[in-house]
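Student: data-v5.pdb is reproduced in full below (PDB, C-alpha atoms).
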```pdb
MODEL        1
ATOM      1  CA  MET D 233     127.095 118.844  91.265
ATOM      2  CA  ASP D 234     128.627 115.415  90.583
ATOM      3  CA  ALA D 235     129.545 114.236  94.071
ATOM      4  CA  LYS D 236     130.565 110.679  94.898
ATOM      5  CA  LEU D 237     128.640 109.908  98.079
ATOM      6  CA  ARG D 238     126.865 107.004  99.742
ATOM      7  CA  LEU D 239     123.968 108.673 101.554
ATOM      8  CA  VAL D 240     122.323 106.859 104.447
ATOM      9  CA  GLN D 241     119.822 107.349 107.231
ATOM     10  CA  PHE D 242     120.827 106.051 110.640
ATOM     11  CA  GLU D 243     119.622 106.154 114.220
ATOM     12  CA  SER D 244     121.847 107.084 117.141
ATOM     13  CA  GLY D 245     120.955 108.331 120.587
ATOM     14  CA  GLY D 246     117.265 107.918 119.857
ATOM     15  CA  GLN D 247     117.355 110.257 116.848
ATOM     16  CA  GLN D 248     117.246 109.413 113.149
ATOM     17  CA  ARG D 249     119.347 111.535 110.799
ATOM     18  CA  VAL D 250     121.256 111.655 107.513
ATOM     19  CA  GLY D 251     124.853 110.491 107.168
ATOM     20  CA  VAL D 252     127.468 109.548 104.623
ATOM     21  CA  GLU D 253     128.843 106.015 104.573
ATOM     22  CA  LEU D 254     132.614 105.923 104.204
ATOM     23  CA  ALA D 255     134.566 103.748 101.797
ATOM     24  CA  ASN D 256     135.091 101.002 104.371
ATOM     25  CA  GLY D 257     131.330 100.325 104.249
ATOM     26  CA  GLU D 258     131.090 100.343 108.046
ATOM     27  CA  SER D 259     131.701 103.842 109.383
ATOM     28  CA  VAL D 260     129.300 106.737 108.872
ATOM     29  CA  VAL D 261     129.956 110.467 109.047
ATOM     30  CA  ASP D 262     127.239 112.228 111.034
ATOM     31  CA  VAL D 263     127.127 115.175 108.638
ATOM     32  CA  THR D 264     124.289 116.887 110.507
ATOM     33  CA  ALA D 265     126.524 117.097 113.589
ATOM     34  CA  VAL D 266     129.192 118.788 111.474
ATOM     35  CA  ASP D 267     126.758 121.189 109.792
ATOM     36  CA  SER D 268     123.416 121.831 111.486
ATOM     37  CA  LYS D 269     122.016 123.301 108.257
ATOM     38  CA  ILE D 270     121.912 119.832 106.676
ATOM     39  CA  PRO D 271     118.390 118.364 107.000
ATOM     40  CA  LEU D 272     118.009 115.490 109.450
ATOM     41  CA  ASP D 273     115.804 113.436 107.091
ATOM     42  CA  MET D 274     116.537 112.200 103.585
ATOM     43  CA  ARG D 275     113.476 113.684 101.948
ATOM     44  CA  GLY D 276     114.412 117.103 103.284
ATOM     45  CA  PHE D 277     117.967 116.518 102.038
ATOM     46  CA  LEU D 278     116.673 115.640  98.560
ATOM     47  CA  GLU D 279     114.309 118.618  98.445
ATOM     48  CA  GLN D 280     117.295 120.965  98.571
ATOM     49  CA  TRP D 281     119.559 118.611  96.649
ATOM     50  CA  GLU D 282     122.293 120.844  95.245
ATOM     51  CA  THR D 283     122.698 122.741  98.507
ATOM     52  CA  SER D 284     122.571 119.591 100.658
ATOM     53  CA  LEU D 285     125.069 117.792  98.445
ATOM     54  CA  GLY D 286     127.620 120.572  98.694
ATOM     55  CA  GLN D 287     127.137 120.812 102.453
ATOM     56  CA  ALA D 288     127.566 117.036 102.832
ATOM     57  CA  VAL D 289     130.766 116.966 100.776
ATOM     58  CA  ARG D 290     132.279 119.723 102.913
ATOM     59  CA  ALA D 291     131.080 118.045 106.115
ATOM     60  CA  VAL D 292     132.756 114.763 105.169
ATOM     61  CA  GLU D 293     136.009 116.543 104.346
ATOM     62  CA  LYS D 294     135.926 118.428 107.655
ATOM     63  CA  SER D 295     135.084 115.295 109.628
ATOM     64  CA  GLN D 296     137.837 113.213 108.072
ATOM     65  CA  SER D 297     140.327 116.009 108.645
ATOM     66  CA  SER D 298     139.405 116.379 112.315
ATOM     67  CA  GLY D 299     138.538 112.749 113.024
ATOM     68  CA  GLN D 300     135.325 113.893 114.694
ATOM     69  CA  HIS D 301     131.707 112.773 114.154
ATOM     70  CA  ILE D 302     132.720 109.470 112.538
ATOM     71  CA  LEU D 303     130.500 106.703 113.883
ATOM     72  CA  THR D 304     131.475 103.040 113.948
ATOM     73  CA  PRO D 305     128.924 100.175 113.742
ATOM     74  CA  GLY D 306     128.344  99.988 117.490
ATOM     75  CA  ASP D 307     127.417 103.666 117.554
ATOM     76  CA  PHE D 308     124.427 103.596 115.215
ATOM     77  CA  THR D 309     121.681 101.519 113.589
ATOM     78  CA  LEU D 310     121.336 101.697 109.819
ATOM     79  CA  LYS D 311     117.826 102.595 108.642
ATOM     80  CA  ALA D 312     116.191 102.636 105.201
ATOM     81  CA  PRO D 313     117.580 105.531 103.133
ATOM     82  CA  ILE D 314     114.089 107.044 102.856
ATOM     83  CA  TYR D 315     110.736 106.229 104.489
ATOM     84  CA  ASP D 316     108.400 108.893 103.173
ATOM     85  CA  PRO D 317     108.530 109.123  99.393
ATOM     86  CA  GLN D 318     105.447 110.724  97.903
ATOM     87  CA  LYS D 319     105.509 107.944  95.307
ATOM     88  CA  LEU D 320     106.913 104.402  95.385
ATOM     89  CA  ILE D 321     106.691 103.325  91.749
ATOM     90  CA  CYS D 322     107.478  99.851  90.420
ATOM     91  CA  ILE D 323     108.236  98.564  86.932
ATOM     92  CA  GLY D 324     107.088  95.086  85.903
ATOM     93  CA  MET D 325     108.630  92.723  83.347
ATOM     94  CA  ASN D 326     111.596  95.016  82.803
ATOM     95  CA  TYR D 327     114.435  92.520  82.348
ATOM     96  CA  VAL D 328     114.853  90.833  78.968
ATOM     97  CA  ASP D 329     115.874  87.566  80.625
ATOM     98  CA  HIS D 330     112.891  87.749  83.029
ATOM     99  CA  CYS D 331     110.536  88.070  80.035
ATOM    100  CA  THR D 332     112.258  85.118  78.377
ATOM    101  CA  GLU D 333     111.755  83.107  81.563
ATOM    102  CA  GLN D 334     107.989  83.753  81.355
ATOM    103  CA  ASN D 335     107.857  83.245  77.578
ATOM    104  CA  ILE D 336     106.246  86.658  77.113
ATOM    105  CA  PRO D 337     107.175  89.454  74.692
ATOM    106  CA  VAL D 338     109.350  92.304  75.920
ATOM    107  CA  PRO D 339     107.013  95.213  76.813
ATOM    108  CA  LYS D 340     107.131  98.094  74.341
ATOM    109  CA  GLU D 341     106.187 100.517  77.117
ATOM    110  CA  PRO D 342     107.003 100.259  80.833
ATOM    111  CA  VAL D 343     104.536  98.279  82.947
ATOM    112  CA  ILE D 344     103.790 100.535  85.915
ATOM    113  CA  PHE D 345     102.399  99.576  89.320
ATOM    114  CA  SER D 346     103.050 100.761  92.863
ATOM    115  CA  LYS D 347     103.706  99.932  96.476
ATOM    116  CA  PHE D 348     102.782 102.098  99.452
ATOM    117  CA  ALA D 349     105.518 103.824 101.446
ATOM    118  CA  SER D 350     104.290 101.939 104.527
ATOM    119  CA  ALA D 351     105.897  98.810 103.031
ATOM    120  CA  ILE D 352     109.409 100.266 103.397
ATOM    121  CA  THR D 353     111.584  98.705 106.072
ATOM    122  CA  GLU D 354     115.248  98.645 107.075
ATOM    123  CA  PRO D 355     117.975  97.126 104.875
ATOM    124  CA  ASN D 356     118.514  94.477 107.549
ATOM    125  CA  GLY D 357     114.936  94.457 108.802
ATOM    126  CA  ALA D 358     112.689  91.430 109.117
ATOM    127  CA  VAL D 359     110.071  90.609 106.499
ATOM    128  CA  VAL D 360     106.899  89.542 108.277
ATOM    129  CA  LEU D 361     105.154  86.474 106.860
ATOM    130  CA  THR D 362     101.542  86.533 108.038
ATOM    131  CA  ASP D 363      98.725  84.023 107.651
ATOM    132  CA  GLU D 364      97.303  86.249 104.897
ATOM    133  CA  THR D 365      99.591  84.657 102.296
ATOM    134  CA  GLN D 366     100.902  81.183 101.539
ATOM    135  CA  CYS D 367     102.908  82.291  98.481
ATOM    136  CA  LEU D 368     105.653  84.671  99.626
ATOM    137  CA  ASP D 369     108.243  85.420  96.950
ATOM    138  CA  PHE D 370     111.537  87.314  96.574
ATOM    139  CA  GLU D 371     112.598  89.910  93.986
ATOM    140  CA  VAL D 372     115.920  91.754  93.975
ATOM    141  CA  GLU D 373     115.652  95.160  92.286
ATOM    142  CA  MET D 374     117.710  98.243  91.577
ATOM    143  CA  ALA D 375     115.838 101.402  92.561
ATOM    144  CA  PHE D 376     116.549 105.017  91.768
ATOM    145  CA  VAL D 377     115.615 108.091  93.807
ATOM    146  CA  ILE D 378     114.441 111.431  92.432
ATOM    147  CA  CYS D 379     116.092 114.685  93.553
ATOM    148  CA  LYS D 380     114.472 117.301  91.298
ATOM    149  CA  LYS D 381     110.828 118.036  90.541
ATOM    150  CA  GLY D 382     109.773 117.564  86.947
ATOM    151  CA  LYS D 383     106.963 116.932  84.471
ATOM    152  CA  TYR D 384     107.417 116.022  80.796
ATOM    153  CA  ILE D 385     111.133 115.528  81.394
ATOM    154  CA  LYS D 386     113.259 115.117  78.279
ATOM    155  CA  GLU D 387     115.290 111.927  78.164
ATOM    156  CA  SER D 388     118.444 113.982  77.558
ATOM    157  CA  GLU D 389     117.824 115.781  80.872
ATOM    158  CA  ALA D 390     116.407 112.868  82.861
ATOM    159  CA  MET D 391     119.524 111.847  84.768
ATOM    160  CA  SER D 392     119.809 115.322  86.309
ATOM    161  CA  HIS D 393     116.589 114.452  88.171
ATOM    162  CA  VAL D 394     118.115 111.293  89.694
ATOM    163  CA  ALA D 395     120.001 111.491  93.006
ATOM    164  CA  GLY D 396     121.302 107.950  92.841
ATOM    165  CA  PHE D 397     120.569 104.269  93.205
ATOM    166  CA  THR D 398     119.820 101.788  95.977
ATOM    167  CA  VAL D 399     118.954  98.117  96.472
ATOM    168  CA  ALA D 400     115.326  97.130  97.016
ATOM    169  CA  HIS D 401     113.650  93.823  97.826
ATOM    170  CA  ASP D 402     110.239  93.760  96.156
ATOM    171  CA  VAL D 403     108.689  91.135  98.426
ATOM    172  CA  SER D 404     105.515  89.761  96.831
ATOM    173  CA  ALA D 405     102.514  87.736  97.986
ATOM    174  CA  ARG D 406     101.843  85.937  94.699
ATOM    175  CA  ASP D 407      98.427  84.579  95.710
ATOM    176  CA  TRP D 408      97.160  88.115  96.303
ATOM    177  CA  GLN D 409      99.058  89.538  93.337
ATOM    178  CA  LEU D 410      98.019  87.014  90.721
ATOM    179  CA  HIS D 411      94.921  85.119  91.878
ATOM    180  CA  LYS D 412      92.901  87.393  94.171
ATOM    181  CA  ASN D 413      91.616  90.971  94.342
ATOM    182  CA  GLY D 414      90.368  90.970  90.756
ATOM    183  CA  GLY D 415      93.840  90.668  89.276
ATOM    184  CA  GLN D 416      95.046  93.964  90.752
ATOM    185  CA  TRP D 417      98.660  93.665  91.915
ATOM    186  CA  LEU D 418      98.634  96.280  94.684
ATOM    187  CA  ILE D 419      97.686  94.275  97.780
ATOM    188  CA  GLY D 420     100.088  91.464  96.923
ATOM    189  CA  LYS D 421     102.929  93.964  96.668
ATOM    190  CA  THR D 422     102.383  96.210  99.650
ATOM    191  CA  PHE D 423     101.969  94.290 102.898
ATOM    192  CA  ASP D 424     103.883  95.888 105.761
ATOM    193  CA  THR D 425     107.662  95.156 105.461
ATOM    194  CA  PHE D 426     107.362  94.239 101.757
ATOM    195  CA  CYS D 427     109.974  96.799 100.642
ATOM    196  CA  PRO D 428     113.313  96.505 102.433
ATOM    197  CA  MET D 429     115.653  99.117 100.989
ATOM    198  CA  GLY D 430     119.264 100.261 101.310
ATOM    199  CA  PRO D 431     121.932 100.216 102.457
ATOM    200  CA  ALA D 432     122.535 103.655 100.893
ATOM    201  CA  ILE D 433     121.531 105.978  98.090
ATOM    202  CA  VAL D 434     124.679 105.803  95.981
ATOM    203  CA  THR D 435     125.009 108.929  93.863
ATOM    204  CA  THR D 436     125.172 108.351  90.125
ATOM    205  CA  ALA D 437     128.694 109.778  89.944
ATOM    206  CA  SER D 438     129.853 107.011  92.315
ATOM    207  CA  LEU D 439     128.906 104.256  89.854
ATOM    208  CA  SER D 440     130.886 103.117  86.828
ATOM    209  CA  ASP D 441     127.614 102.574  84.918
ATOM    210  CA  PRO D 442     124.283 101.884  86.663
ATOM    211  CA  HIS D 443     123.213  99.830  83.648
ATOM    212  CA  LYS D 444     126.168  97.447  83.725
ATOM    213  CA  LEU D 445     126.041  96.131  87.281
ATOM    214  CA  GLY D 446     125.771  92.560  88.490
ATOM    215  CA  ILE D 447     122.537  91.950  90.389
ATOM    216  CA  ARG D 448     121.754  88.843  92.429
ATOM    217  CA  CYS D 449     119.601  87.360  95.162
ATOM    218  CA  ARG D 450     120.603  84.577  97.558
ATOM    219  CA  LEU D 451     118.214  82.441  99.561
ATOM    220  CA  ASN D 452     119.861  80.788 102.563
ATOM    221  CA  GLY D 453     123.230  81.273 100.873
ATOM    222  CA  GLU D 454     122.202  79.815  97.494
ATOM    223  CA  VAL D 455     122.090  82.105  94.459
ATOM    224  CA  VAL D 456     118.511  82.148  93.125
ATOM    225  CA  GLN D 457     118.678  85.242  90.897
ATOM    226  CA  ASN D 458     121.780  86.290  88.966
ATOM    227  CA  SER D 459     121.800  88.808  86.137
ATOM    228  CA  ASN D 460     123.082  92.243  85.105
ATOM    229  CA  THR D 461     121.324  95.586  84.917
ATOM    230  CA  GLU D 462     122.305  95.771  81.244
ATOM    231  CA  GLN D 463     119.359  93.390  80.778
ATOM    232  CA  LEU D 464     116.927  96.190  81.704
ATOM    233  CA  VAL D 465     114.418  96.783  78.919
ATOM    234  CA  HIS D 466     113.606 100.364  79.906
ATOM    235  CA  LYS D 467     116.565 102.045  81.566
ATOM    236  CA  THR D 468     116.599 104.917  84.041
ATOM    237  CA  ALA D 469     116.418 107.919  81.716
ATOM    238  CA  SER D 470     113.626 106.479  79.600
ATOM    239  CA  LEU D 471     111.662 105.538  82.735
ATOM    240  CA  VAL D 472     111.946 109.085  84.117
ATOM    241  CA  THR D 473     110.696 110.460  80.799
ATOM    242  CA  PHE D 474     107.825 107.982  80.524
ATOM    243  CA  ILE D 475     106.586 108.315  84.114
ATOM    244  CA  SER D 476     106.763 112.113  84.021
ATOM    245  CA  ARG D 477     104.322 112.156  81.106
ATOM    246  CA  PHE D 478     101.584 111.184  83.553
ATOM    247  CA  MET D 479     102.639 112.437  86.978
ATOM    248  CA  THR D 480     104.940 115.074  88.390
ATOM    249  CA  LEU D 481     108.047 113.501  89.865
ATOM    250  CA  GLN D 482     109.036 114.952  93.221
ATOM    251  CA  PRO D 483     112.236 114.827  95.295
ATOM    252  CA  GLY D 484     112.194 111.630  97.308
ATOM    253  CA  ASP D 485     110.124 109.608  94.834
ATOM    254  CA  VAL D 486     111.503 106.084  94.446
ATOM    255  CA  VAL D 487     111.313 103.901  91.329
ATOM    256  CA  LEU D 488     111.986 100.153  91.542
ATOM    257  CA  THR D 489     113.199  99.149  88.091
ATOM    258  CA  GLY D 490     112.174  95.484  87.953
ATOM    259  CA  THR D 491     113.592  92.075  88.786
ATOM    260  CA  PRO D 492     115.679  89.551  86.827
ATOM    261  CA  PRO D 493     114.738  85.871  86.336
ATOM    262  CA  GLY D 494     114.751  83.198  89.018
ATOM    263  CA  VAL D 495     111.837  84.287  91.223
ATOM    264  CA  GLY D 496     110.063  81.551  93.142
ATOM    265  CA  CYS D 497     106.699  81.643  91.399
ATOM    266  CA  PHE D 498     108.070  80.577  87.990
ATOM    267  CA  ARG D 499     110.015  77.609  89.340
ATOM    268  CA  LYS D 500     108.664  74.074  89.063
ATOM    269  CA  PRO D 501     107.678  73.390  91.738
ATOM    270  CA  PRO D 502     107.293  76.962  93.037
ATOM    271  CA  LEU D 503     109.753  78.080  95.696
ATOM    272  CA  TRP D 504     108.010  80.019  98.458
ATOM    273  CA  LEU D 505     109.698  81.802 101.341
ATOM    274  CA  LYS D 506     109.140  80.391 104.830
ATOM    275  CA  LYS D 507     109.828  81.629 108.328
ATOM    276  CA  GLY D 508     113.528  81.546 109.165
ATOM    277  CA  ASP D 509     114.683  81.988 105.569
ATOM    278  CA  VAL D 510     117.441  84.546 104.952
ATOM    279  CA  VAL D 511     117.254  86.587 101.744
ATOM    280  CA  GLU D 512     120.223  88.634 100.522
ATOM    281  CA  CYS D 513     119.720  91.151  97.696
ATOM    282  CA  GLU D 514     122.944  92.533  96.240
ATOM    283  CA  ILE D 515     123.983  94.857  93.423
ATOM    284  CA  ASP D 516     127.626  95.462  92.545
ATOM    285  CA  GLU D 517     128.935  98.883  93.624
ATOM    286  CA  ILE D 518     125.672  99.684  95.448
ATOM    287  CA  GLY D 519     125.616  97.155  98.262
ATOM    288  CA  LYS D 520     123.701  94.355  99.927
ATOM    289  CA  ILE D 521     120.626  94.105 102.116
ATOM    290  CA  THR D 522     119.769  91.044 104.215
ATOM    291  CA  ASN D 523     116.288  90.175 105.425
ATOM    292  CA  VAL D 524     115.109  87.333 107.656
ATOM    293  CA  ILE D 525     111.588  86.029 107.101
ATOM    294  CA  GLN D 526     109.732  85.943 110.425
TER     295      GLN D 526
ENDMDL
END
```
The structure in this file should be written as structure tokens.

Tutor:
Amino acid sequence: MDAKLRLVQFESGGQQRVGVELANGESVVDVTAVDSKIPLDMRGFLEQWETSLGQAVRAVEKSQSSGQHILTPGDFTLKAPIYDPQKLICIGMNYVDHCTEQNIPVPKEPVIFSKFASAITEPNGAVVLTDETQCLDFEVEMAFVICKKGKYIKESEAMSHVAGFTVAHDVSARDWQLHKNGGQWLIGKTFDTFCPMGPAIVTTASLSDPHKLGIRCRLNGEVVQNSNTEQLVHKTASLVTFISRFMTLQPGDVVLTGTPPGVGCFRKPPLWLKKGDVVECEIDEIGKITNVIQ
């Protein structure tokens, strides 16, 4: 089912549940209040994707017709679109212009690493800078979310496994990523709060072309990364096919597709995040997340 929806998780009245963000980008339909059969959590929603999608479409139509169960910003708090993916997979060196920036060849195969789900935080949540790192860096990324289980997925069928796309901030402790822990990237990528995500999972049908979207990062209002997802070396379908050669993709799995040039560690001198900094990660048609370093 090709439905044009912006799926969110929100908290209201002490309970977290799934909603649909309306076109104004502010109001949310509490679809679970309209139809109690719709799962309260996003992973549950994704695990019964086709059914959930149809229920959500009908719930939005019913809500807009009646004017009921439409929440305005003061009524809810926006949360990350998913907190419990089985896998949080990341792709390194996946923008042509980012490879050019580093003067390295474009990878022939995707460079795969991971973050833990415990790093996920709210789209407007704080990123915590601890004394464990002195080299905190920013990375705006487009992420996609899996909605159908699969192994050895054909590239021609890959997009049917993708629910949609969201914005992610791949916060990185470069000292731990690049100079400590034996060269393993994991610790430097997965401190608590190192994966703000949101504001919504935007279904593929809602986007003109996920691989022709402007992508940018601002630091204290100044643009520090500015590119287009057409610069992706390995695009969504090929990534689904490649990853599924090695591991079974499950509903709720999230894949961060890489960052464009401009990150702090390759600047001269390096540009490290400090407490009080405000980082905005934005992708056209998907949305913007804003994180304060604290």

Student: Expanded to explicit residues, what is the PyMOL selection byres ((chain D and resi 311-317) around 8) for this file, as number ranges by chain?

Tutor: D: 239-243, 273-275, 309-310, 318-320, 349-350, 352-355, 428-433, 483-486

Student: Apply the PyMOL selection byres ((chain D and resi 296) around 12) to the structure shown and report the selected residues as an MDAnalysis selection string.

Tutor: chainID D and resid 252 254:255 259:263 266 289:295 297:303

Student: Could you list as a list in words every residue that has an atom within 10 Å of (100.6, 85.3, 103.7), using the file's coordinates and counting all atoms listed in the file?

Tutor: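 In the file's frame, the residues around the point are Val360, Leu361, Thr362, Asp363, Glu364, Thr365, Gln366, Cys367, Leu368, Ser404, Ala405, Arg406, Asp407, Trp408, Gly420, Phe423 and Lys506 of chain D.
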
Student: Pick from D:Gln247, D:Thr425, D:Asn326, D:Asn335: nearest to Phe348 (chain D), with only C-alpha atoms counted?

Tutor: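 So, comparing all the options, the nearest one is D:Thr425.
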
Student: Could you check which of D:Arg249, D:Gly257, D:Ala395, D:Ala375 is closest to Leu278 (chain D), using all atoms listed in the file?

Tutor: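 Selected residue with least distance to Leu278 (chain D): D:Ala395.
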
Student: Identify all residues satisfying the PyMOL selection byres ((chain D and resi 386) around 12) in the given file; provide them as a PyMOL selection string.

Tutor: chain D and resi 382-385+387-393+469-477

Student: What gap, in Å, lies between CA of Gln287 (chain D) and CA of Pro442 (chain D)?

Tutor: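 Interatomic distance here is 24.8 Å.
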
Student: Return the single residue from D:Glu454, D:Asp329, D:Asp441, D:Asp424 that is closest to Glu517 (chain D), with distances computed using only C-alpha atoms.

Tutor: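 Using only C-alpha atoms, the shortest distance to Glu517 (chain D) belongs to D:Asp441.
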
Student: Between CA of Thr522 (chain D) and CA of Ala358 (chain D), what is the spacing in Å?

Tutor: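 Rounded to one decimal, the two atoms are 8.6 Å apart.
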
Student: Give me, please, the distance in Å between CA of Lys520 (chain D) and CA of Arg448 (chain D), quoted to one decimal.

Tutor: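 According to the coordinates, CA of Lys520 (chain D) and CA of Arg448 (chain D) are separated by 9.5 Å.
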
Student: D:Gln463, D:Thr489, D:Ser284, D:Asn452: which is nearest Asp509 (chain D), counting only C-alpha atoms?

Tutor: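 Under the stated criterion, the closest residue is D:Asn452.
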
Student: Once 5 Å is added on each side, what are the centre and the three edge lengths, in Å to one decimal, of the axis-aligned box enclosing the listed atoms of region 306-325 of chain D? Present them as AutoDock Vina command-line options.

Tutor:
```
--center_x 116.9 --center_y 101.7 --center_z 100.5 --size_x 32.9 --size_y 28.0 --size_z 44.2
```

Student: Rank nothing, just name the residue among D:Asn356, D:Ile321, D:Lys381, D:Ala437 nearest to Leu418 (chain D), using all atoms listed in the file.

Tutor: D:Ile321

Student: Near Val359 (chain D), counting all atoms listed in the file, which residues have an atom at most 7 Å away, once you skip same-chain residues fewer than 2 positions from it, shown as a ChimeraX atom specification?

Tutor: /D:357,361,425-426,523-526

Student: Please list as a ChimeraX atom specification every residue within 8 Å of Leu272 (chain D), counting all atoms listed in the file and excluding residues in the same chain fewer than 5 positions away.

Tutor: /D:248-250,264,277

Student: Write out the residues from the selection above, keeping C-alpha atoms, as a PDB file, in the frame of the given file.

Tutor:
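Wrote it out as out20.pdb, contents follow:
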```pdb
ATOM      1  CA  GLN D 248     117.246 109.413 113.149  1.00  0.00           C
ATOM      2  CA  ARG D 249     119.347 111.535 110.799  1.00  0.00           C
ATOM      3  CA  VAL D 250     121.256 111.655 107.513  1.00  0.00           C
ATOM      4  CA  THR D 264     124.289 116.887 110.507  1.00  0.00           C
ATOM      5  CA  PHE D 277     117.967 116.518 102.038  1.00  0.00           C
TER       6      PHE D 277
END
```

Student: Looking at D:Gly490, D:Gly508, D:Pro305, D:Pro501, which one is nearest to Glu373 (chain D), with distances taken over all atoms listed in the file?

Tutor: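 Using all atoms listed in the file, the shortest distance to Glu373 (chain D) belongs to D:Gly490.
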
Student: Can you take region 364-376 of chain D from the block and write N, CA, C and O atoms as a compact mmCIF listing (two decimals), in the first residue's frame?

Tutor:
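And here's out.txt as it stands now:
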```txt
# COMPACT_ATOMS: atom_id res chain seq x y z
N GLU D 364 34.29 12.03 28.94
CA GLU D 364 34.91 10.90 28.25
C GLU D 364 35.44 11.26 26.88
O GLU D 364 36.23 10.52 26.29
N THR D 365 35.00 12.39 26.32
CA THR D 365 35.48 12.78 24.99
C THR D 365 35.79 14.27 24.95
O THR D 365 35.12 15.08 25.59
N GLN D 366 36.82 14.61 24.19
CA GLN D 366 37.16 16.01 23.93
C GLN D 366 36.99 16.34 22.45
O GLN D 366 37.36 17.42 22.00
N CYS D 367 36.44 15.38 21.68
CA CYS D 367 36.37 15.55 20.22
C CYS D 367 34.98 15.18 19.72
O CYS D 367 34.81 14.21 18.95
N LEU D 368 33.97 15.94 20.13
CA LEU D 368 32.59 15.65 19.77
C LEU D 368 32.26 16.28 18.42
O LEU D 368 32.47 17.48 18.21
N ASP D 369 31.70 15.47 17.52
CA ASP D 369 31.49 15.90 16.14
C ASP D 369 30.05 15.66 15.72
O ASP D 369 29.32 14.86 16.32
N PHE D 370 29.64 16.36 14.66
CA PHE D 370 28.27 16.30 14.12
C PHE D 370 28.27 15.56 12.78
O PHE D 370 29.25 15.59 12.03
N GLU D 371 27.16 14.90 12.48
CA GLU D 371 26.95 14.26 11.17
C GLU D 371 25.46 14.19 10.88
O GLU D 371 24.74 13.45 11.54
N VAL D 372 24.99 14.94 9.89
CA VAL D 372 23.60 14.81 9.46
C VAL D 372 23.50 13.59 8.55
O VAL D 372 24.37 13.35 7.71
N GLU D 373 22.44 12.80 8.72
CA GLU D 373 22.27 11.61 7.89
C GLU D 373 20.79 11.36 7.58
O GLU D 373 19.92 11.67 8.39
N MET D 374 20.55 10.81 6.40
CA MET D 374 19.23 10.28 6.08
C MET D 374 19.22 8.82 6.51
O MET D 374 20.15 8.07 6.20
N ALA D 375 18.18 8.41 7.20
CA ALA D 375 18.03 7.02 7.63
C ALA D 375 16.77 6.44 7.02
O ALA D 375 15.79 7.16 6.76
N PHE D 376 16.80 5.13 6.77
CA PHE D 376 15.56 4.47 6.36
C PHE D 376 15.21 3.38 7.36
O PHE D 376 16.06 2.88 8.08
```
